[in-house]
Amino acid sequence: MTEQFLPALTTLLEPSVLLAVFTGTIGGILVGAIPGLTATMAVALLIPVTFGMNPAAGLALMGGVYSGGMYGGAISAILLSTPGTPAAAATSFDGYPLARQGKGGMALAVATIASFWGGMLSTAALLLLAPVLARFSLRFGAPEYFLLSIMGLASIVTLTKGNMVKGLLSGVLGLLLATVGMDPLSGYLRFSFGVVELYDGISFMPALIGLFSVSQILELTAESRILQKVGADPATLKRAPIPKGLAPTILRGGLIGTLVGMLPGAGATISAFISYNVAKQLSPEPETFGKGNPVGVAAAESANNGCVGGSLIPLLTLGIPGNSVAAALMGGLLIHGLIPGPELFTRFGAVTYGFILSLFLANVLFLVLGLTCAPLFARVVRLPNALLIPAIAILSVVGSYAINNALFDVWLMLAFGATGYFFHRAGFSLGALVLGLILGPIAELGFGQSLIMSDGSWRIFFERPLCLLLWLLIAALLIPAFRKPRRAKASA
Amino acid sequence: MRRTTSDGLFGAAGLALAATVALGATGFPERADAAVRYLYFLSLVLGLLSLLLVSQSLLRSRKETEKASSASVEWVRAPLPFLGTLLAMLCYAWITPHLGFFPASFLFMLCLGWFLGFRKPLPLLGGTAGLLAFIWLIFVRFLAVPVPSGPWG
């Protein structure tokens, strides 16, 4: 590796590559901050643009968008409670309450620093541990994937603010909605009612934008300004002090993000939720989570940016993308003739290591931009809702339409938005519903494949060592949550 | 509406949904056996959780009757802006293919902004034009993001 380092550094210092990292990071932050536009979409759209560029600059541009996009999602999650990217959904749980308390500047600074360290940690892991760690993720088979999604569902219990039954119901409803469309194993069409647009299932982005953006718009109609009660001054956002004691949470989140990011299909959203829940479980004040605890923001942000490097480990070494952005990036690698595998680290070492080094640079860039431009971001929340509501609605239409070029998705987004609003009012968890939608396809495929592998025997979920480990983790998530009400009753 | 009544209704709806899904899965062909078993599994979990919610709401309802106090659900805090916004969004989605994205968005932002109480014509026009120019320049021109097309844009 060391012999590749100098050529890689030379590649990184080329003006075109530096410009690509800079442009990509800024573009990524902007795209990530706008609800409905994801890093996946931006990377996918950039692939044809990078075709004429040299491979190092093209990959650096896409890497910058990826890193910046993962961080940018936190801005709107904190200031608007509308996650710019699905991965920032967990950030809004505590980020938005902090903004409403007039601590938006502190929340943004915590998110920036946590994202930076999460990103640096996972990029270091990518640089140093890629081949070894990628081998571990390959041991996951169908039963382990099913249990991984059950583990995600189990984490709903700790995500839920009020009634745990409602939280679990929301998650199961999400799983059920994910079954609409073609069965992944037999190809049989279910619950699509002859609607062609539903044959591929409920499109995830319109559902997400509807649940998090449109329902939020409808909530906002009751107020004239987002921060009407606190009247946040942009200057206070700049000077806000960062609370101490976040380092262990950030380190843990970065590690969770890196490890979960490596698992194909798991991705930044799941890692952010897991990290958030672990932080909540370990906190001496779990009841403060969801009400504006900066530890929640640090846990979620360090984990979702931790996924950036993690998701690239199996991609670069084995050709298996860790998530949808990595899958789009794989297209970028292939059009430049870079086939994932050992050759990337030898024959194309200068380009590959140059790309990895550019991710470090992208992290530094968004750290500087995030810390210095907080007052600019804050201006968004000072806009009157009468302008903000139609503006978010227009951007939501752009975001939901862009994925499939279908107006059906716009109607789907509106349906999810209105339903999500009433669901939220009734005390159900929209975060859990979204988690169910994300986990649905993974759970169903894992479940079906496992039963085929075992000739229909359920014992397959209890026999394998990794399955047993996952069951232990599920129990570790569930038991403390169910002990809490008993403890509360006992103390009462 | 009382919180317990709302919970009871949602629980009952969950039970009905679980039964519908389970019954629907019985009609699947043999090749979709794995999907059927997965749907049975989900229906079972959904049914049990819904039953739990109904039981919880009944127990709480009894306790609340004894204590003569009850929590209620506030469905809509400001009915007029809520319904106006919802209606405007539905009209926006309907009118977009007939006018095109940019004219429809222009009308939508002006009308909804005015309806929600922003009564400064110049900033409203400027904000609308600025947002649409940003979308056109960055998304449509630079990133080639598709937007719904129509006869006027």
# chains A, B, ... in the order shown; residues from 1 in each chain; ligands from 1

call {"tool": "residues_around", "arguments": {"residues": "Cys307 in chain A", "least_positions_apart": "2", "cutoff": "6 Å", "atoms": "only C-alpha atoms", "output": "list in words"}}
result
Gly257, Thr258, Gly261, Ala268, Asn304, Asn305, Gly309, Gly310 and Ser311 of chain A

call {"tool": "interface_residues", "arguments": {"of": "chain B", "to": "chain A", "cutoff": "8 Å", "atoms": "only C-alpha atoms", "output": "number ranges by chain"}}
result
B: 3, 6-7, 31-32, 34-35, 38-39, 42, 45-46, 49-50, 52-53, 73-75, 77-78, 81-82, 85-86, 89-90, 93, 105, 108-109, 112-118, 124, 127, 131, 143-148

call {"tool": "closest_residue", "arguments": {"among": "A:Ala114, A:Ala90, A:Leu79, A:Glu197", "to": "Gly102 in chain A", "atoms": "only C-alpha atoms"}}
result
A:Leu79

call {"tool": "atom_distance", "arguments": {"atom1": "CA of Ile26 in chain A", "atom2": "CA of Phe366 in chain A"}}
result
7.6 Å

call {"tool": "atom_distance", "arguments": {"atom1": "CA of Leu23 in chain B", "atom2": "CA of Trp458 in chain A"}}
result
22.4 Å

call {"tool": "residues_around", "arguments": {"residues": "Leu30 in chain A", "least_positions_apart": "2", "cutoff": "9 Å", "atoms": "only C-alpha atoms", "output": "VMD selection string"}}
result
chain A and resid 25 to 28 32 to 34 68 to 69 72 to 73

call {"tool": "residues_around", "arguments": {"residues": "Leu59 in chain B", "least_positions_apart": "4", "cutoff": "12 Å", "atoms": "only C-alpha atoms", "output": "list in words"}}
result
Thr4, Thr5, Asp7, Gly8, Leu52, Leu53, Val54, Ser55, Lys63, Glu64, Thr65 and Glu66 of chain B

call {"tool": "write_last_selection", "arguments": {"atoms": "N, CA and C atoms", "output": "compact mmCIF listing (two decimals), in the first residue's frame"}}
result
# COMPACT_ATOMS: atom_id res chain seq x y z
N THR B 4 -58.32 7.09 23.83
CA THR B 4 -58.64 5.66 23.94
C THR B 4 -59.56 5.21 22.79
N THR B 5 -60.49 6.10 22.40
CA THR B 5 -61.39 5.76 21.28
C THR B 5 -60.57 5.64 20.00
N ASP B 7 -57.37 4.98 19.71
CA ASP B 7 -56.54 3.76 19.77
C ASP B 7 -57.37 2.52 19.47
N GLY B 8 -58.58 2.48 20.02
CA GLY B 8 -59.46 1.34 19.79
C GLY B 8 -59.81 1.20 18.32
N LEU B 52 -53.61 -6.22 21.12
CA LEU B 52 -53.00 -5.61 22.31
C LEU B 52 -53.42 -4.14 22.44
N LEU B 53 -53.45 -3.45 21.31
CA LEU B 53 -53.82 -2.02 21.31
C LEU B 53 -55.29 -1.85 21.70
N VAL B 54 -56.15 -2.74 21.17
CA VAL B 54 -57.58 -2.68 21.52
C VAL B 54 -57.75 -2.94 23.02
N SER B 55 -57.03 -3.96 23.53
CA SER B 55 -57.14 -4.28 24.96
C SER B 55 -56.66 -3.11 25.81
N LYS B 63 -60.43 2.88 33.15
CA LYS B 63 -59.76 3.66 34.21
C LYS B 63 -60.13 5.13 34.12
N GLU B 64 -60.19 5.64 32.88
CA GLU B 64 -60.52 7.06 32.69
C GLU B 64 -61.95 7.35 33.13
N THR B 65 -62.85 6.40 32.90
CA THR B 65 -64.25 6.59 33.32
C THR B 65 -64.32 6.67 34.85
N GLU B 66 -63.50 5.80 35.50
CA GLU B 66 -63.48 5.82 36.97
C GLU B 66 -62.95 7.15 37.50

call {"tool": "closest_residue", "arguments": {"among": "B:Gly14, B:Pro151, B:Gly27, B:Gly84", "to": "Leu51 in chain B", "atoms": "only C-alpha atoms"}}
result
B:Gly14

call {"tool": "atom_distance", "arguments": {"atom1": "CA of Ala12 in chain B", "atom2": "CA of Gln56 in chain B"}}
result
12.1 Å

call {"tool": "residues_around", "arguments": {"residues": "Ser92 in chain A", "least_positions_apart": "2", "cutoff": "9 Å", "atoms": "only C-alpha atoms", "output": "list in words"}}
result
Ala74, Ser76, Ala77, Ile78, Leu79, Leu80, Ser81, Thr82, Pro83, Ala88, Ala89, Ala90, Asp94, Gly95, Tyr96, Pro97, Gly290 and Val297 of chain A

call {"tool": "select_by_dssp", "arguments": {"residues": "range 331-404 of chain A", "states": "helix (DSSP H, G or I)", "output": "PDB file with N, CA and C atoms, in the first residue's frame"}}
result
ATOM      1  N   GLY A 331     -21.379   1.914 -10.865  1.00  0.00           N
ATOM      2  CA  GLY A 331     -21.582   2.271 -12.272  1.00  0.00           C
ATOM      3  C   GLY A 331     -20.509   3.239 -12.739  1.00  0.00           C
ATOM      4  N   GLY A 332     -20.157   4.188 -11.848  1.00  0.00           N
ATOM      5  CA  GLY A 332     -19.106   5.153 -12.152  1.00  0.00           C
ATOM      6  C   GLY A 332     -17.752   4.491 -12.335  1.00  0.00           C
ATOM      7  N   LEU A 333     -17.462   3.499 -11.502  1.00  0.00           N
ATOM      8  CA  LEU A 333     -16.192   2.760 -11.619  1.00  0.00           C
ATOM      9  C   LEU A 333     -16.142   2.030 -12.955  1.00  0.00           C
ATOM     10  N   LEU A 334     -17.248   1.360 -13.278  1.00  0.00           N
ATOM     11  CA  LEU A 334     -17.276   0.514 -14.476  1.00  0.00           C
ATOM     12  C   LEU A 334     -17.135   1.326 -15.766  1.00  0.00           C
ATOM     13  N   ILE A 335     -17.751   2.528 -15.808  1.00  0.00           N
ATOM     14  CA  ILE A 335     -17.637   3.283 -17.062  1.00  0.00           C
ATOM     15  C   ILE A 335     -16.214   3.817 -17.270  1.00  0.00           C
ATOM     16  N   PRO A 342      -8.935  -7.072  -6.556  1.00  0.00           N
ATOM     17  CA  PRO A 342      -7.554  -6.796  -6.121  1.00  0.00           C
ATOM     18  C   PRO A 342      -6.806  -5.827  -7.041  1.00  0.00           C
ATOM     19  N   GLU A 343      -7.164  -5.846  -8.338  1.00  0.00           N
ATOM     20  CA  GLU A 343      -6.444  -4.974  -9.283  1.00  0.00           C
ATOM     21  C   GLU A 343      -6.620  -3.493  -8.971  1.00  0.00           C
ATOM     22  N   LEU A 344      -7.743  -3.166  -8.370  1.00  0.00           N
ATOM     23  CA  LEU A 344      -7.980  -1.760  -8.027  1.00  0.00           C
ATOM     24  C   LEU A 344      -6.906  -1.248  -7.073  1.00  0.00           C
ATOM     25  N   PHE A 345      -6.376  -2.149  -6.229  1.00  0.00           N
ATOM     26  CA  PHE A 345      -5.398  -1.742  -5.217  1.00  0.00           C
ATOM     27  C   PHE A 345      -3.959  -1.946  -5.693  1.00  0.00           C
ATOM     28  N   GLY A 349      -3.869   1.397  -8.450  1.00  0.00           N
ATOM     29  CA  GLY A 349      -3.676   1.876  -7.068  1.00  0.00           C
ATOM     30  C   GLY A 349      -3.695   3.394  -6.952  1.00  0.00           C
ATOM     31  N   ALA A 350      -3.063   4.088  -7.903  1.00  0.00           N
ATOM     32  CA  ALA A 350      -2.996   5.560  -7.811  1.00  0.00           C
ATOM     33  C   ALA A 350      -4.401   6.169  -7.836  1.00  0.00           C
ATOM     34  N   VAL A 351      -5.257   5.625  -8.717  1.00  0.00           N
ATOM     35  CA  VAL A 351      -6.633   6.150  -8.822  1.00  0.00           C
ATOM     36  C   VAL A 351      -7.433   5.768  -7.572  1.00  0.00           C
ATOM     37  N   THR A 352      -7.350   4.479  -7.175  1.00  0.00           N
ATOM     38  CA  THR A 352      -8.159   4.003  -6.044  1.00  0.00           C
ATOM     39  C   THR A 352      -7.758   4.697  -4.747  1.00  0.00           C
ATOM     40  N   TYR A 353      -6.441   4.686  -4.454  1.00  0.00           N
ATOM     41  CA  TYR A 353      -6.012   5.340  -3.212  1.00  0.00           C
ATOM     42  C   TYR A 353      -6.217   6.854  -3.303  1.00  0.00           C
ATOM     43  N   GLY A 354      -6.091   7.417  -4.506  1.00  0.00           N
ATOM     44  CA  GLY A 354      -6.375   8.843  -4.698  1.00  0.00           C
ATOM     45  C   GLY A 354      -7.831   9.139  -4.358  1.00  0.00           C
ATOM     46  N   PHE A 355      -8.721   8.234  -4.780  1.00  0.00           N
ATOM     47  CA  PHE A 355     -10.153   8.370  -4.485  1.00  0.00           C
ATOM     48  C   PHE A 355     -10.390   8.309  -2.972  1.00  0.00           C
ATOM     49  N   ILE A 356      -9.722   7.336  -2.315  1.00  0.00           N
ATOM     50  CA  ILE A 356      -9.907   7.201  -0.855  1.00  0.00           C
ATOM     51  C   ILE A 356      -9.392   8.465  -0.143  1.00  0.00           C
ATOM     52  N   LEU A 357      -8.234   8.963  -0.595  1.00  0.00           N
ATOM     53  CA  LEU A 357      -7.692  10.186   0.022  1.00  0.00           C
ATOM     54  C   LEU A 357      -8.635  11.378  -0.233  1.00  0.00           C
ATOM     55  N   SER A 358      -9.293  11.371  -1.393  1.00  0.00           N
ATOM     56  CA  SER A 358     -10.216  12.480  -1.688  1.00  0.00           C
ATOM     57  C   SER A 358     -11.407  12.477  -0.731  1.00  0.00           C
ATOM     58  N   LEU A 359     -11.756  11.294  -0.209  1.00  0.00           N
ATOM     59  CA  LEU A 359     -12.848  11.231   0.774  1.00  0.00           C
ATOM     60  C   LEU A 359     -12.438  11.913   2.079  1.00  0.00           C
ATOM     61  N   PHE A 360     -11.130  11.744   2.454  1.00  0.00           N
ATOM     62  CA  PHE A 360     -10.629  12.464   3.647  1.00  0.00           C
ATOM     63  C   PHE A 360     -10.788  13.973   3.427  1.00  0.00           C
ATOM     64  N   LEU A 361     -10.383  14.409   2.219  1.00  0.00           N
ATOM     65  CA  LEU A 361     -10.439  15.840   1.901  1.00  0.00           C
ATOM     66  C   LEU A 361     -11.892  16.343   1.916  1.00  0.00           C
ATOM     67  N   ALA A 362     -12.793  15.535   1.380  1.00  0.00           N
ATOM     68  CA  ALA A 362     -14.217  15.927   1.362  1.00  0.00           C
ATOM     69  C   ALA A 362     -14.739  16.104   2.784  1.00  0.00           C
ATOM     70  N   ASN A 363     -14.275  15.217   3.694  1.00  0.00           N
ATOM     71  CA  ASN A 363     -14.690  15.344   5.105  1.00  0.00           C
ATOM     72  C   ASN A 363     -14.200  16.654   5.704  1.00  0.00           C
ATOM     73  N   VAL A 364     -12.945  17.000   5.414  1.00  0.00           N
ATOM     74  CA  VAL A 364     -12.384  18.258   5.935  1.00  0.00           C
ATOM     75  C   VAL A 364     -13.167  19.442   5.364  1.00  0.00           C
ATOM     76  N   LEU A 365     -13.494  19.348   4.068  1.00  0.00           N
ATOM     77  CA  LEU A 365     -14.224  20.442   3.411  1.00  0.00           C
ATOM     78  C   LEU A 365     -15.596  20.684   4.036  1.00  0.00           C
ATOM     79  N   PHE A 366     -16.362  19.584   4.252  1.00  0.00           N
ATOM     80  CA  PHE A 366     -17.698  19.827   4.818  1.00  0.00           C
ATOM     81  C   PHE A 366     -17.617  20.241   6.283  1.00  0.00           C
ATOM     82  N   LEU A 367     -16.510  19.860   6.956  1.00  0.00           N
ATOM     83  CA  LEU A 367     -16.331  20.324   8.336  1.00  0.00           C
ATOM     84  C   LEU A 367     -16.185  21.847   8.346  1.00  0.00           C
ATOM     85  N   VAL A 368     -15.307  22.343   7.468  1.00  0.00           N
ATOM     86  CA  VAL A 368     -15.062  23.788   7.400  1.00  0.00           C
ATOM     87  C   VAL A 368     -16.341  24.520   6.967  1.00  0.00           C
ATOM     88  N   LEU A 369     -16.973  24.002   5.902  1.00  0.00           N
ATOM     89  CA  LEU A 369     -18.188  24.644   5.388  1.00  0.00           C
ATOM     90  C   LEU A 369     -19.319  24.610   6.421  1.00  0.00           C
ATOM     91  N   GLY A 370     -19.440  23.464   7.084  1.00  0.00           N
ATOM     92  CA  GLY A 370     -20.507  23.307   8.067  1.00  0.00           C
ATOM     93  C   GLY A 370     -20.334  24.242   9.247  1.00  0.00           C
ATOM     94  N   LEU A 371     -19.096  24.359   9.725  1.00  0.00           N
ATOM     95  CA  LEU A 371     -18.860  25.186  10.909  1.00  0.00           C
ATOM     96  C   LEU A 371     -18.899  26.681  10.596  1.00  0.00           C
ATOM     97  N   THR A 372     -18.507  27.040   9.374  1.00  0.00           N
ATOM     98  CA  THR A 372     -18.468  28.474   9.062  1.00  0.00           C
ATOM     99  C   THR A 372     -19.761  28.993   8.434  1.00  0.00           C
ATOM    100  N   ALA A 374     -22.897  27.993   9.131  1.00  0.00           N
ATOM    101  CA  ALA A 374     -24.113  27.730   9.908  1.00  0.00           C
ATOM    102  C   ALA A 374     -25.113  28.889   9.853  1.00  0.00           C
ATOM    103  N   PRO A 375     -24.665  30.152   9.955  1.00  0.00           N
ATOM    104  CA  PRO A 375     -25.645  31.246   9.882  1.00  0.00           C
ATOM    105  C   PRO A 375     -26.411  31.271   8.560  1.00  0.00           C
ATOM    106  N   LEU A 376     -25.741  30.854   7.491  1.00  0.00           N
ATOM    107  CA  LEU A 376     -26.433  30.809   6.192  1.00  0.00           C
ATOM    108  C   LEU A 376     -27.552  29.777   6.221  1.00  0.00           C
ATOM    109  N   PHE A 377     -27.220  28.596   6.795  1.00  0.00           N
ATOM    110  CA  PHE A 377     -28.227  27.541   6.877  1.00  0.00           C
ATOM    111  C   PHE A 377     -29.383  27.993   7.764  1.00  0.00           C
ATOM    112  N   ALA A 378     -29.029  28.755   8.802  1.00  0.00           N
ATOM    113  CA  ALA A 378     -30.053  29.183   9.757  1.00  0.00           C
ATOM    114  C   ALA A 378     -31.100  30.078   9.114  1.00  0.00           C
ATOM    115  N   ARG A 379     -30.707  30.768   8.043  1.00  0.00           N
ATOM    116  CA  ARG A 379     -31.672  31.679   7.398  1.00  0.00           C
ATOM    117  C   ARG A 379     -32.909  30.941   6.899  1.00  0.00           C
ATOM    118  N   VAL A 380     -32.719  29.672   6.604  1.00  0.00           N
ATOM    119  CA  VAL A 380     -33.858  28.876   6.124  1.00  0.00           C
ATOM    120  C   VAL A 380     -34.988  28.890   7.152  1.00  0.00           C
ATOM    121  N   VAL A 381     -34.602  28.735   8.458  1.00  0.00           N
ATOM    122  CA  VAL A 381     -35.666  28.663   9.473  1.00  0.00           C
ATOM    123  C   VAL A 381     -36.256  30.030   9.781  1.00  0.00           C
ATOM    124  N   ARG A 382     -35.612  31.106   9.333  1.00  0.00           N
ATOM    125  CA  ARG A 382     -36.169  32.441   9.593  1.00  0.00           C
ATOM    126  C   ARG A 382     -37.184  32.847   8.527  1.00  0.00           C
ATOM    127  N   ASN A 385     -43.379  30.761   7.284  1.00  0.00           N
ATOM    128  CA  ASN A 385     -43.940  29.494   6.809  1.00  0.00           C
ATOM    129  C   ASN A 385     -44.768  29.661   5.540  1.00  0.00           C
ATOM    130  N   ALA A 386     -45.340  30.860   5.369  1.00  0.00           N
ATOM    131  CA  ALA A 386     -46.150  31.095   4.167  1.00  0.00           C
ATOM    132  C   ALA A 386     -45.308  30.963   2.901  1.00  0.00           C
ATOM    133  N   LEU A 387     -43.992  31.179   3.000  1.00  0.00           N
ATOM    134  CA  LEU A 387     -43.099  30.959   1.842  1.00  0.00           C
ATOM    135  C   LEU A 387     -42.493  29.566   1.883  1.00  0.00           C
ATOM    136  N   LEU A 388     -42.167  29.150   3.114  1.00  0.00           N
ATOM    137  CA  LEU A 388     -41.471  27.865   3.274  1.00  0.00           C
ATOM    138  C   LEU A 388     -42.360  26.683   2.870  1.00  0.00           C
ATOM    139  N   ILE A 389     -43.638  26.739   3.251  1.00  0.00           N
ATOM    140  CA  ILE A 389     -44.548  25.610   2.974  1.00  0.00           C
ATOM    141  C   ILE A 389     -44.675  25.358   1.460  1.00  0.00           C
ATOM    142  N   PRO A 390     -45.013  26.385   0.643  1.00  0.00           N
ATOM    143  CA  PRO A 390     -45.086  26.086  -0.804  1.00  0.00           C
ATOM    144  C   PRO A 390     -43.723  25.722  -1.394  1.00  0.00           C
ATOM    145  N   ALA A 391     -42.630  26.318  -0.857  1.00  0.00           N
ATOM    146  CA  ALA A 391     -41.296  26.001  -1.391  1.00  0.00           C
ATOM    147  C   ALA A 391     -40.949  24.535  -1.131  1.00  0.00           C
ATOM    148  N   ILE A 392     -41.212  24.061   0.088  1.00  0.00           N
ATOM    149  CA  ILE A 392     -40.926  22.645   0.405  1.00  0.00           C
ATOM    150  C   ILE A 392     -41.820  21.739  -0.437  1.00  0.00           C
ATOM    151  N   ALA A 393     -43.077  22.165  -0.628  1.00  0.00           N
ATOM    152  CA  ALA A 393     -43.999  21.349  -1.439  1.00  0.00           C
ATOM    153  C   ALA A 393     -43.476  21.216  -2.870  1.00  0.00           C
ATOM    154  N   ILE A 394     -42.973  22.326  -3.426  1.00  0.00           N
ATOM    155  CA  ILE A 394     -42.460  22.288  -4.809  1.00  0.00           C
ATOM    156  C   ILE A 394     -41.231  21.368  -4.886  1.00  0.00           C
ATOM    157  N   LEU A 395     -40.311  21.502  -3.918  1.00  0.00           N
ATOM    158  CA  LEU A 395     -39.113  20.650  -3.917  1.00  0.00           C
ATOM    159  C   LEU A 395     -39.483  19.181  -3.701  1.00  0.00           C
ATOM    160  N   SER A 396     -40.522  18.968  -2.916  1.00  0.00           N
ATOM    161  CA  SER A 396     -40.966  17.584  -2.688  1.00  0.00           C
ATOM    162  C   SER A 396     -41.513  16.977  -3.978  1.00  0.00           C
ATOM    163  N   VAL A 397     -42.222  17.808  -4.752  1.00  0.00           N
ATOM    164  CA  VAL A 397     -42.743  17.318  -6.039  1.00  0.00           C
ATOM    165  C   VAL A 397     -41.571  16.981  -6.966  1.00  0.00           C
ATOM    166  N   VAL A 398     -40.554  17.859  -6.992  1.00  0.00           N
ATOM    167  CA  VAL A 398     -39.372  17.596  -7.835  1.00  0.00           C
ATOM    168  C   VAL A 398     -38.721  16.277  -7.411  1.00  0.00           C
ATOM    169  N   GLY A 399     -38.520  16.125  -6.092  1.00  0.00           N
ATOM    170  CA  GLY A 399     -37.838  14.931  -5.576  1.00  0.00           C
ATOM    171  C   GLY A 399     -38.605  13.658  -5.831  1.00  0.00           C
ATOM    172  N   SER A 400     -39.931  13.681  -5.626  1.00  0.00           N
ATOM    173  CA  SER A 400     -40.689  12.436  -5.797  1.00  0.00           C
ATOM    174  C   SER A 400     -40.869  12.086  -7.274  1.00  0.00           C
ATOM    175  N   TYR A 401     -40.931  13.114  -8.128  1.00  0.00           N
ATOM    176  CA  TYR A 401     -41.119  12.851  -9.561  1.00  0.00           C
ATOM    177  C   TYR A 401     -39.823  12.331 -10.200  1.00  0.00           C
ATOM    178  N   ALA A 402     -38.686  12.855  -9.718  1.00  0.00           N
ATOM    179  CA  ALA A 402     -37.406  12.615 -10.398  1.00  0.00           C
ATOM    180  C   ALA A 402     -36.979  11.146 -10.426  1.00  0.00           C
ATOM    181  N   ILE A 403     -37.372  10.367  -9.427  1.00  0.00           N
ATOM    182  CA  ILE A 403     -36.883   8.985  -9.349  1.00  0.00           C
ATOM    183  C   ILE A 403     -37.394   8.142 -10.521  1.00  0.00           C
ATOM    184  N   ASN A 404     -38.705   8.178 -10.762  1.00  0.00           N
ATOM    185  CA  ASN A 404     -39.276   7.331 -11.821  1.00  0.00           C
ATOM    186  C   ASN A 404     -39.885   8.122 -12.977  1.00  0.00           C
TER     187      ASN A 404
END

call {"tool": "decode", "arguments": {"residues": "range 7-24 of chain B", "atoms": "N, CA and C atoms", "output": "mmCIF file, in the first residue's frame"}}
result
data_model
loop_
_atom_site.group_PDB
_atom_site.id
_atom_site.type_symbol
_atom_site.label_atom_id
_atom_site.label_comp_id
_atom_site.auth_asym_id
_atom_site.auth_seq_id
_atom_site.Cartn_x
_atom_site.Cartn_y
_atom_site.Cartn_z
ATOM 1 N N ASP B 7 -57.373 4.977 19.715
ATOM 2 C CA ASP B 7 -56.543 3.761 19.774
ATOM 3 C C ASP B 7 -57.372 2.522 19.468
ATOM 4 N N GLY B 8 -58.579 2.485 20.024
ATOM 5 C CA GLY B 8 -59.458 1.342 19.792
ATOM 6 C C GLY B 8 -59.805 1.199 18.322
ATOM 7 N N LEU B 9 -60.099 2.334 17.681
ATOM 8 C CA LEU B 9 -60.454 2.300 16.248
ATOM 9 C C LEU B 9 -59.264 1.861 15.400
ATOM 10 N N PHE B 10 -58.073 2.392 15.723
ATOM 11 C CA PHE B 10 -56.877 1.987 14.975
ATOM 12 C C PHE B 10 -56.573 0.499 15.193
ATOM 13 N N GLY B 11 -56.769 0.040 16.425
ATOM 14 C CA GLY B 11 -56.551 -1.379 16.727
ATOM 15 C C GLY B 11 -57.502 -2.255 15.922
ATOM 16 N N ALA B 12 -58.775 -1.836 15.868
ATOM 17 C CA ALA B 12 -59.782 -2.598 15.109
ATOM 18 C C ALA B 12 -59.429 -2.604 13.620
ATOM 19 N N ALA B 13 -58.966 -1.451 13.128
ATOM 20 C CA ALA B 13 -58.559 -1.373 11.715
ATOM 21 C C ALA B 13 -57.372 -2.298 11.455
ATOM 22 N N GLY B 14 -56.450 -2.368 12.426
ATOM 23 C CA GLY B 14 -55.286 -3.261 12.302
ATOM 24 C C GLY B 14 -55.714 -4.714 12.227
ATOM 25 N N LEU B 15 -56.701 -5.074 13.077
ATOM 26 C CA LEU B 15 -57.215 -6.456 13.069
ATOM 27 C C LEU B 15 -57.852 -6.780 11.722
ATOM 28 N N ALA B 16 -58.631 -5.814 11.207
ATOM 29 C CA ALA B 16 -59.297 -6.021 9.910
ATOM 30 C C ALA B 16 -58.251 -6.169 8.802
ATOM 31 N N LEU B 17 -57.201 -5.338 8.873
ATOM 32 C CA LEU B 17 -56.144 -5.404 7.855
ATOM 33 C C LEU B 17 -55.412 -6.746 7.913
ATOM 34 N N ALA B 18 -55.107 -7.195 9.139
ATOM 35 C CA ALA B 18 -54.408 -8.482 9.308
ATOM 36 C C ALA B 18 -55.239 -9.613 8.703
ATOM 37 N N ALA B 19 -56.554 -9.583 8.991
ATOM 38 C CA ALA B 19 -57.431 -10.632 8.466
ATOM 39 C C ALA B 19 -57.495 -10.562 6.936
ATOM 40 N N THR B 20 -57.587 -9.338 6.401
ATOM 41 C CA THR B 20 -57.674 -9.174 4.937
ATOM 42 C C THR B 20 -56.406 -9.693 4.262
ATOM 43 N N VAL B 21 -55.239 -9.349 4.839
ATOM 44 C CA VAL B 21 -53.965 -9.787 4.244
ATOM 45 C C VAL B 21 -53.853 -11.312 4.289
ATOM 46 N N ALA B 22 -54.199 -11.886 5.450
ATOM 47 C CA ALA B 22 -54.107 -13.350 5.593
ATOM 48 C C ALA B 22 -55.054 -14.041 4.605
ATOM 49 N N LEU B 23 -56.271 -13.509 4.494
ATOM 50 C CA LEU B 23 -57.234 -14.109 3.556
ATOM 51 C C LEU B 23 -56.768 -13.930 2.112
ATOM 52 N N GLY B 24 -56.219 -12.737 1.822
ATOM 53 C CA GLY B 24 -55.712 -12.471 0.472
ATOM 54 C C GLY B 24 -54.591 -13.416 0.095
#
